[in-house]
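Everything below belongs to model09.cif, which stores mmCIF, N, CA and C atoms.
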```
data_structure
loop_
_atom_site.label_atom_id
_atom_site.label_comp_id
_atom_site.auth_asym_id
_atom_site.auth_seq_id
_atom_site.Cartn_x
_atom_site.Cartn_y
_atom_site.Cartn_z
N MET A 1 85.95 104.97 130.08
CA MET A 1 84.72 104.22 130.08
C MET A 1 84.80 103.04 129.11
N LEU A 2 85.30 103.32 127.90
CA LEU A 2 85.42 102.25 126.91
C LEU A 2 86.77 101.55 126.98
N ASN A 3 87.60 101.93 127.92
CA ASN A 3 88.92 101.31 128.03
C ASN A 3 88.86 99.87 128.50
N ASN A 4 87.76 99.47 129.14
CA ASN A 4 87.67 98.13 129.69
C ASN A 4 87.14 97.10 128.70
N ILE A 5 86.79 97.51 127.49
CA ILE A 5 86.29 96.56 126.50
C ILE A 5 87.49 95.87 125.85
N GLY A 6 87.55 94.58 126.00
CA GLY A 6 88.64 93.82 125.40
C GLY A 6 88.16 93.06 124.18
N LEU A 7 88.97 92.12 123.75
CA LEU A 7 88.64 91.32 122.58
C LEU A 7 87.36 90.50 122.78
N PRO A 8 87.18 89.85 123.93
CA PRO A 8 85.93 89.09 124.11
C PRO A 8 84.69 90.00 124.07
N GLY A 9 84.80 91.19 124.61
CA GLY A 9 83.68 92.13 124.59
C GLY A 9 83.35 92.58 123.17
N LEU A 10 84.39 92.86 122.38
CA LEU A 10 84.16 93.25 121.00
C LEU A 10 83.54 92.12 120.18
N LEU A 11 84.00 90.89 120.43
CA LEU A 11 83.42 89.74 119.73
C LEU A 11 81.95 89.56 120.10
N LEU A 12 81.62 89.74 121.36
CA LEU A 12 80.24 89.62 121.79
C LEU A 12 79.36 90.69 121.14
N ILE A 13 79.85 91.90 121.08
CA ILE A 13 79.11 92.98 120.42
C ILE A 13 78.91 92.66 118.95
N ALA A 14 79.95 92.17 118.28
CA ALA A 14 79.85 91.82 116.86
C ALA A 14 78.81 90.73 116.63
N VAL A 15 78.79 89.73 117.48
CA VAL A 15 77.82 88.63 117.34
C VAL A 15 76.40 89.15 117.54
N VAL A 16 76.19 89.99 118.54
CA VAL A 16 74.85 90.53 118.80
C VAL A 16 74.38 91.38 117.62
N VAL A 17 75.25 92.22 117.08
CA VAL A 17 74.89 93.05 115.93
C VAL A 17 74.57 92.17 114.73
N LEU A 18 75.35 91.12 114.52
CA LEU A 18 75.11 90.21 113.40
C LEU A 18 73.77 89.51 113.55
N VAL A 19 73.43 89.09 114.75
CA VAL A 19 72.15 88.41 114.98
C VAL A 19 70.99 89.38 114.79
N LEU A 20 71.12 90.60 115.29
CA LEU A 20 70.03 91.57 115.20
C LEU A 20 69.76 92.04 113.77
N PHE A 21 70.81 92.32 113.03
CA PHE A 21 70.62 92.94 111.72
C PHE A 21 70.77 91.97 110.56
N GLY A 22 71.44 90.89 110.74
CA GLY A 22 71.64 89.94 109.65
C GLY A 22 72.81 90.34 108.77
N ARG A 23 73.33 89.36 108.05
CA ARG A 23 74.52 89.59 107.24
C ARG A 23 74.27 90.55 106.08
N GLY A 24 73.12 90.43 105.43
CA GLY A 24 72.83 91.27 104.27
C GLY A 24 72.71 92.73 104.63
N LYS A 25 72.06 93.03 105.74
CA LYS A 25 71.87 94.41 106.16
C LYS A 25 73.21 95.04 106.54
N ILE A 26 74.05 94.29 107.23
CA ILE A 26 75.36 94.82 107.63
C ILE A 26 76.22 95.05 106.39
N SER A 27 76.15 94.14 105.43
CA SER A 27 76.92 94.29 104.20
C SER A 27 76.51 95.55 103.45
N SER A 28 75.22 95.78 103.33
CA SER A 28 74.76 96.98 102.62
C SER A 28 75.11 98.24 103.40
N LEU A 29 75.04 98.16 104.72
CA LEU A 29 75.39 99.31 105.55
C LEU A 29 76.87 99.66 105.39
N MET A 30 77.73 98.67 105.38
CA MET A 30 79.17 98.92 105.21
C MET A 30 79.45 99.47 103.81
N GLY A 31 78.68 99.02 102.82
CA GLY A 31 78.83 99.57 101.46
C GLY A 31 78.49 101.06 101.44
N GLU A 32 77.44 101.43 102.14
CA GLU A 32 77.05 102.84 102.22
C GLU A 32 78.09 103.66 102.97
N VAL A 33 78.66 103.09 104.01
CA VAL A 33 79.72 103.79 104.75
C VAL A 33 80.93 104.02 103.83
N GLY A 34 81.27 103.01 103.04
CA GLY A 34 82.38 103.14 102.10
C GLY A 34 82.13 104.22 101.07
N LYS A 35 80.90 104.29 100.55
CA LYS A 35 80.54 105.33 99.58
C LYS A 35 80.62 106.71 100.22
N GLY A 36 80.20 106.80 101.47
CA GLY A 36 80.27 108.08 102.18
C GLY A 36 81.70 108.54 102.38
N ILE A 37 82.57 107.61 102.74
CA ILE A 37 83.99 107.96 102.94
C ILE A 37 84.60 108.41 101.62
N THR A 38 84.28 107.69 100.53
CA THR A 38 84.80 108.06 99.22
C THR A 38 84.32 109.45 98.81
N ALA A 39 83.04 109.74 99.03
CA ALA A 39 82.51 111.05 98.69
C ALA A 39 83.16 112.14 99.54
N PHE A 40 83.41 111.85 100.80
CA PHE A 40 84.06 112.83 101.68
C PHE A 40 85.47 113.12 101.19
N LYS A 41 86.23 112.09 100.85
CA LYS A 41 87.60 112.29 100.36
C LYS A 41 87.60 113.09 99.07
N LYS A 42 86.65 112.79 98.18
CA LYS A 42 86.56 113.53 96.91
C LYS A 42 86.25 114.99 97.18
N GLY A 43 85.35 115.26 98.11
CA GLY A 43 85.02 116.64 98.45
C GLY A 43 86.20 117.39 99.03
N VAL A 44 86.97 116.72 99.88
CA VAL A 44 88.16 117.36 100.46
C VAL A 44 89.18 117.67 99.37
N ASN A 45 89.39 116.72 98.46
CA ASN A 45 90.35 116.94 97.37
C ASN A 45 89.89 118.07 96.45
N ASP A 46 88.59 118.11 96.13
CA ASP A 46 88.06 119.18 95.29
C ASP A 46 88.22 120.54 95.97
N GLY A 47 87.96 120.58 97.26
CA GLY A 47 88.12 121.83 98.01
C GLY A 47 89.56 122.29 98.03
N THR A 48 90.48 121.35 98.21
CA THR A 48 91.90 121.70 98.21
C THR A 48 92.33 122.24 96.85
N LYS A 49 91.88 121.59 95.78
CA LYS A 49 92.22 122.06 94.43
C LYS A 49 91.65 123.45 94.18
N GLU A 50 90.43 123.68 94.64
CA GLU A 50 89.79 124.97 94.46
C GLU A 50 90.57 126.07 95.18
N ILE A 51 91.02 125.78 96.39
CA ILE A 51 91.80 126.77 97.15
C ILE A 51 93.13 127.04 96.47
N GLU A 52 93.79 125.99 95.98
CA GLU A 52 95.07 126.17 95.29
C GLU A 52 94.90 126.99 94.02
N GLU A 53 93.82 126.73 93.26
CA GLU A 53 93.57 127.49 92.03
C GLU A 53 93.31 128.96 92.35
N ALA A 54 92.58 129.22 93.42
CA ALA A 54 92.31 130.60 93.81
C ALA A 54 93.59 131.29 94.22
N ALA A 55 94.48 130.57 94.88
CA ALA A 55 95.74 131.16 95.31
C ALA A 55 96.63 131.48 94.12
N THR A 56 96.65 130.61 93.11
CA THR A 56 97.49 130.87 91.94
C THR A 56 96.89 131.99 91.10
N ASP A 57 95.57 132.13 91.10
CA ASP A 57 94.95 133.23 90.36
C ASP A 57 95.27 134.58 90.99
N GLU A 58 95.44 134.61 92.30
CA GLU A 58 95.70 135.85 93.01
C GLU A 58 97.16 136.28 92.95
N THR A 59 98.05 135.37 92.61
CA THR A 59 99.47 135.74 92.55
C THR A 59 99.71 136.66 91.37
N LYS A 60 100.60 137.60 91.57
CA LYS A 60 100.90 138.58 90.53
C LYS A 60 102.30 138.34 89.99
N ASP A 61 102.47 138.65 88.73
CA ASP A 61 103.78 138.55 88.10
C ASP A 61 104.56 139.81 88.43
N VAL A 62 105.65 139.66 89.16
CA VAL A 62 106.43 140.82 89.59
C VAL A 62 107.79 140.87 88.89
N THR A 63 107.95 140.15 87.82
CA THR A 63 109.23 140.22 87.10
C THR A 63 109.34 141.57 86.42
N PRO A 64 110.53 142.15 86.46
CA PRO A 64 110.71 143.47 85.86
C PRO A 64 110.62 143.39 84.33
N THR A 65 110.03 144.37 83.75
CA THR A 65 109.93 144.46 82.28
C THR A 65 110.89 145.51 81.79
N GLU A 66 110.99 145.67 80.49
CA GLU A 66 111.87 146.68 79.90
C GLU A 66 111.47 148.07 80.35
N LYS A 67 110.19 148.30 80.51
CA LYS A 67 109.69 149.60 80.93
C LYS A 67 110.15 149.93 82.34
N ASP A 68 110.18 148.91 83.22
CA ASP A 68 110.59 149.12 84.61
C ASP A 68 112.09 149.35 84.73
N LYS A 69 112.88 148.81 83.80
CA LYS A 69 114.34 148.93 83.90
C LYS A 69 114.81 150.34 83.53
N ALA A 70 114.07 151.04 82.74
CA ALA A 70 114.50 152.36 82.26
C ALA A 70 114.30 153.46 83.27
#
```
Please render this file's structure as structure tokens.
Amino acid sequence: MLNNIGLPGLLLIAVVVLVLFGRGKISSLMGEVGKGITAFKKGVNDGTKEIEEAATDETKDVTPTEKDKA
């Protein structure tokens, strides 16, 4: 369905959006999108670190001690 949109179609859509919303509104909207992406990446990184920390906490030390050797 969207395969038929070429460069002229995209330019027309961009011009219509610019006329409807104005440059200032689009600029602030893109700023909010950027903040959202940054927050999402931070959340993913924090979640990954949390999972790694939980995995290292669960690992057990299995090296033999003097007591085990006897």
Task: Å distance separating atom CA of A:Ile5 from atom CA of A:Ile26, one decimal place - done: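 Spanning atom CA of A:Ile5 to atom CA of A:Ile26 is a straight-line distance of 21.9 Å.
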Let me have the centre and edge lengths in Å, one decimal, of the box along x, y and z around every listed atom of stretch 7-25 of chain A with 5 Å of margin on each side, as JSON.
```
{"center_x": 79.4, "center_y": 91.7, "center_z": 114.4, "size_x": 29.2, "size_y": 16.6, "size_z": 30.3}
```
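In this structure, atom C of A:Asn4 sits 21.1 Å away from atom N of A:Val19.
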Task: Atomic separation - atom C of A:Ala55 relative to atom N of A:Ile37, Å - done: 29.0 Å
Out of chain A, which residues get alpha helix (DSSP H) from DSSP, as a CSV table (one decimal) with N, CA and C atoms, in the frame of the given file?
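After the write, part_38.csv holds the following:
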```csv
chain,number,residue,atom,x,y,z
A,7,LEU,N,89.0,92.1,123.8
A,7,LEU,CA,88.6,91.3,122.6
A,7,LEU,C,87.4,90.5,122.8
A,8,PRO,N,87.2,89.8,123.9
A,8,PRO,CA,85.9,89.1,124.1
A,8,PRO,C,84.7,90.0,124.1
A,9,GLY,N,84.8,91.2,124.6
A,9,GLY,CA,83.7,92.1,124.6
A,9,GLY,C,83.4,92.6,123.2
A,10,LEU,N,84.4,92.9,122.4
A,10,LEU,CA,84.2,93.2,121.0
A,10,LEU,C,83.5,92.1,120.2
A,11,LEU,N,84.0,90.9,120.4
A,11,LEU,CA,83.4,89.7,119.7
A,11,LEU,C,82.0,89.6,120.1
A,12,LEU,N,81.6,89.7,121.4
A,12,LEU,CA,80.2,89.6,121.8
A,12,LEU,C,79.4,90.7,121.1
A,13,ILE,N,79.8,91.9,121.1
A,13,ILE,CA,79.1,93.0,120.4
A,13,ILE,C,78.9,92.7,119.0
A,14,ALA,N,80.0,92.2,118.3
A,14,ALA,CA,79.8,91.8,116.9
A,14,ALA,C,78.8,90.7,116.6
A,15,VAL,N,78.8,89.7,117.5
A,15,VAL,CA,77.8,88.6,117.3
A,15,VAL,C,76.4,89.2,117.5
A,16,VAL,N,76.2,90.0,118.5
A,16,VAL,CA,74.8,90.5,118.8
A,16,VAL,C,74.4,91.4,117.6
A,17,VAL,N,75.2,92.2,117.1
A,17,VAL,CA,74.9,93.0,115.9
A,17,VAL,C,74.6,92.2,114.7
A,18,LEU,N,75.4,91.1,114.5
A,18,LEU,CA,75.1,90.2,113.4
A,18,LEU,C,73.8,89.5,113.6
A,19,VAL,N,73.4,89.1,114.8
A,19,VAL,CA,72.2,88.4,115.0
A,19,VAL,C,71.0,89.4,114.8
A,20,LEU,N,71.1,90.6,115.3
A,20,LEU,CA,70.0,91.6,115.2
A,20,LEU,C,69.8,92.0,113.8
A,21,PHE,N,70.8,92.3,113.0
A,21,PHE,CA,70.6,92.9,111.7
A,21,PHE,C,70.8,92.0,110.6
A,22,GLY,N,71.4,90.9,110.7
A,22,GLY,CA,71.6,89.9,109.6
A,22,GLY,C,72.8,90.3,108.8
A,23,ARG,N,73.3,89.4,108.0
A,23,ARG,CA,74.5,89.6,107.2
A,23,ARG,C,74.3,90.6,106.1
A,24,GLY,N,73.1,90.4,105.4
A,24,GLY,CA,72.8,91.3,104.3
A,24,GLY,C,72.7,92.7,104.6
A,25,LYS,N,72.1,93.0,105.7
A,25,LYS,CA,71.9,94.4,106.2
A,25,LYS,C,73.2,95.0,106.5
A,26,ILE,N,74.0,94.3,107.2
A,26,ILE,CA,75.4,94.8,107.6
A,26,ILE,C,76.2,95.0,106.4
A,27,SER,N,76.2,94.1,105.4
A,27,SER,CA,76.9,94.3,104.2
A,27,SER,C,76.5,95.6,103.4
A,28,SER,N,75.2,95.8,103.3
A,28,SER,CA,74.8,97.0,102.6
A,28,SER,C,75.1,98.2,103.4
A,29,LEU,N,75.0,98.2,104.7
A,29,LEU,CA,75.4,99.3,105.6
A,29,LEU,C,76.9,99.7,105.4
A,30,MET,N,77.7,98.7,105.4
A,30,MET,CA,79.2,98.9,105.2
A,30,MET,C,79.4,99.5,103.8
A,31,GLY,N,78.7,99.0,102.8
A,31,GLY,CA,78.8,99.6,101.5
A,31,GLY,C,78.5,101.1,101.4
A,32,GLU,N,77.4,101.4,102.1
A,32,GLU,CA,77.0,102.8,102.2
A,32,GLU,C,78.1,103.7,103.0
A,33,VAL,N,78.7,103.1,104.0
A,33,VAL,CA,79.7,103.8,104.8
A,33,VAL,C,80.9,104.0,103.8
A,34,GLY,N,81.3,103.0,103.0
A,34,GLY,CA,82.4,103.1,102.1
A,34,GLY,C,82.1,104.2,101.1
A,35,LYS,N,80.9,104.3,100.6
A,35,LYS,CA,80.5,105.3,99.6
A,35,LYS,C,80.6,106.7,100.2
A,36,GLY,N,80.2,106.8,101.5
A,36,GLY,CA,80.3,108.1,102.2
A,36,GLY,C,81.7,108.5,102.4
A,37,ILE,N,82.6,107.6,102.7
A,37,ILE,CA,84.0,108.0,102.9
A,37,ILE,C,84.6,108.4,101.6
A,38,THR,N,84.3,107.7,100.5
A,38,THR,CA,84.8,108.1,99.2
A,38,THR,C,84.3,109.4,98.8
A,39,ALA,N,83.0,109.7,99.0
A,39,ALA,CA,82.5,111.0,98.7
A,39,ALA,C,83.2,112.1,99.5
A,40,PHE,N,83.4,111.8,100.8
A,40,PHE,CA,84.1,112.8,101.7
A,40,PHE,C,85.5,113.1,101.2
A,41,LYS,N,86.2,112.1,100.8
A,41,LYS,CA,87.6,112.3,100.4
A,41,LYS,C,87.6,113.1,99.1
A,42,LYS,N,86.6,112.8,98.2
A,42,LYS,CA,86.6,113.5,96.9
A,42,LYS,C,86.2,115.0,97.2
A,43,GLY,N,85.4,115.3,98.1
A,43,GLY,CA,85.0,116.6,98.4
A,43,GLY,C,86.2,117.4,99.0
A,44,VAL,N,87.0,116.7,99.9
A,44,VAL,CA,88.2,117.4,100.5
A,44,VAL,C,89.2,117.7,99.4
A,45,ASN,N,89.4,116.7,98.5
A,45,ASN,CA,90.4,116.9,97.4
A,45,ASN,C,89.9,118.1,96.4
A,46,ASP,N,88.6,118.1,96.1
A,46,ASP,CA,88.1,119.2,95.3
A,46,ASP,C,88.2,120.5,96.0
A,47,GLY,N,88.0,120.6,97.3
A,47,GLY,CA,88.1,121.8,98.0
A,47,GLY,C,89.6,122.3,98.0
A,48,THR,N,90.5,121.4,98.2
A,48,THR,CA,91.9,121.7,98.2
A,48,THR,C,92.3,122.2,96.8
A,49,LYS,N,91.9,121.6,95.8
A,49,LYS,CA,92.2,122.1,94.4
A,49,LYS,C,91.6,123.4,94.2
A,50,GLU,N,90.4,123.7,94.6
A,50,GLU,CA,89.8,125.0,94.5
A,50,GLU,C,90.6,126.1,95.2
A,51,ILE,N,91.0,125.8,96.4
A,51,ILE,CA,91.8,126.8,97.2
A,51,ILE,C,93.1,127.0,96.5
A,52,GLU,N,93.8,126.0,96.0
A,52,GLU,CA,95.1,126.2,95.3
A,52,GLU,C,94.9,127.0,94.0
A,53,GLU,N,93.8,126.7,93.3
A,53,GLU,CA,93.6,127.5,92.0
A,53,GLU,C,93.3,129.0,92.4
A,54,ALA,N,92.6,129.2,93.4
A,54,ALA,CA,92.3,130.6,93.8
A,54,ALA,C,93.6,131.3,94.2
A,55,ALA,N,94.5,130.6,94.9
A,55,ALA,CA,95.7,131.2,95.3
A,55,ALA,C,96.6,131.5,94.1
A,56,THR,N,96.6,130.6,93.1
A,56,THR,CA,97.5,130.9,91.9
A,56,THR,C,96.9,132.0,91.1
A,57,ASP,N,95.6,132.1,91.1
A,57,ASP,CA,95.0,133.2,90.4
A,57,ASP,C,95.3,134.6,91.0
A,58,GLU,N,95.4,134.6,92.3
A,58,GLU,CA,95.7,135.8,93.0
A,58,GLU,C,97.2,136.3,93.0
A,66,GLU,N,111.0,145.7,80.5
A,66,GLU,CA,111.9,146.7,79.9
A,66,GLU,C,111.5,148.1,80.4
A,67,LYS,N,110.2,148.3,80.5
A,67,LYS,CA,109.7,149.6,80.9
A,67,LYS,C,110.2,149.9,82.3
A,68,ASP,N,110.2,148.9,83.2
A,68,ASP,CA,110.6,149.1,84.6
A,68,ASP,C,112.1,149.4,84.7
A,69,LYS,N,112.9,148.8,83.8
A,69,LYS,CA,114.3,148.9,83.9
A,69,LYS,C,114.8,150.3,83.5
```
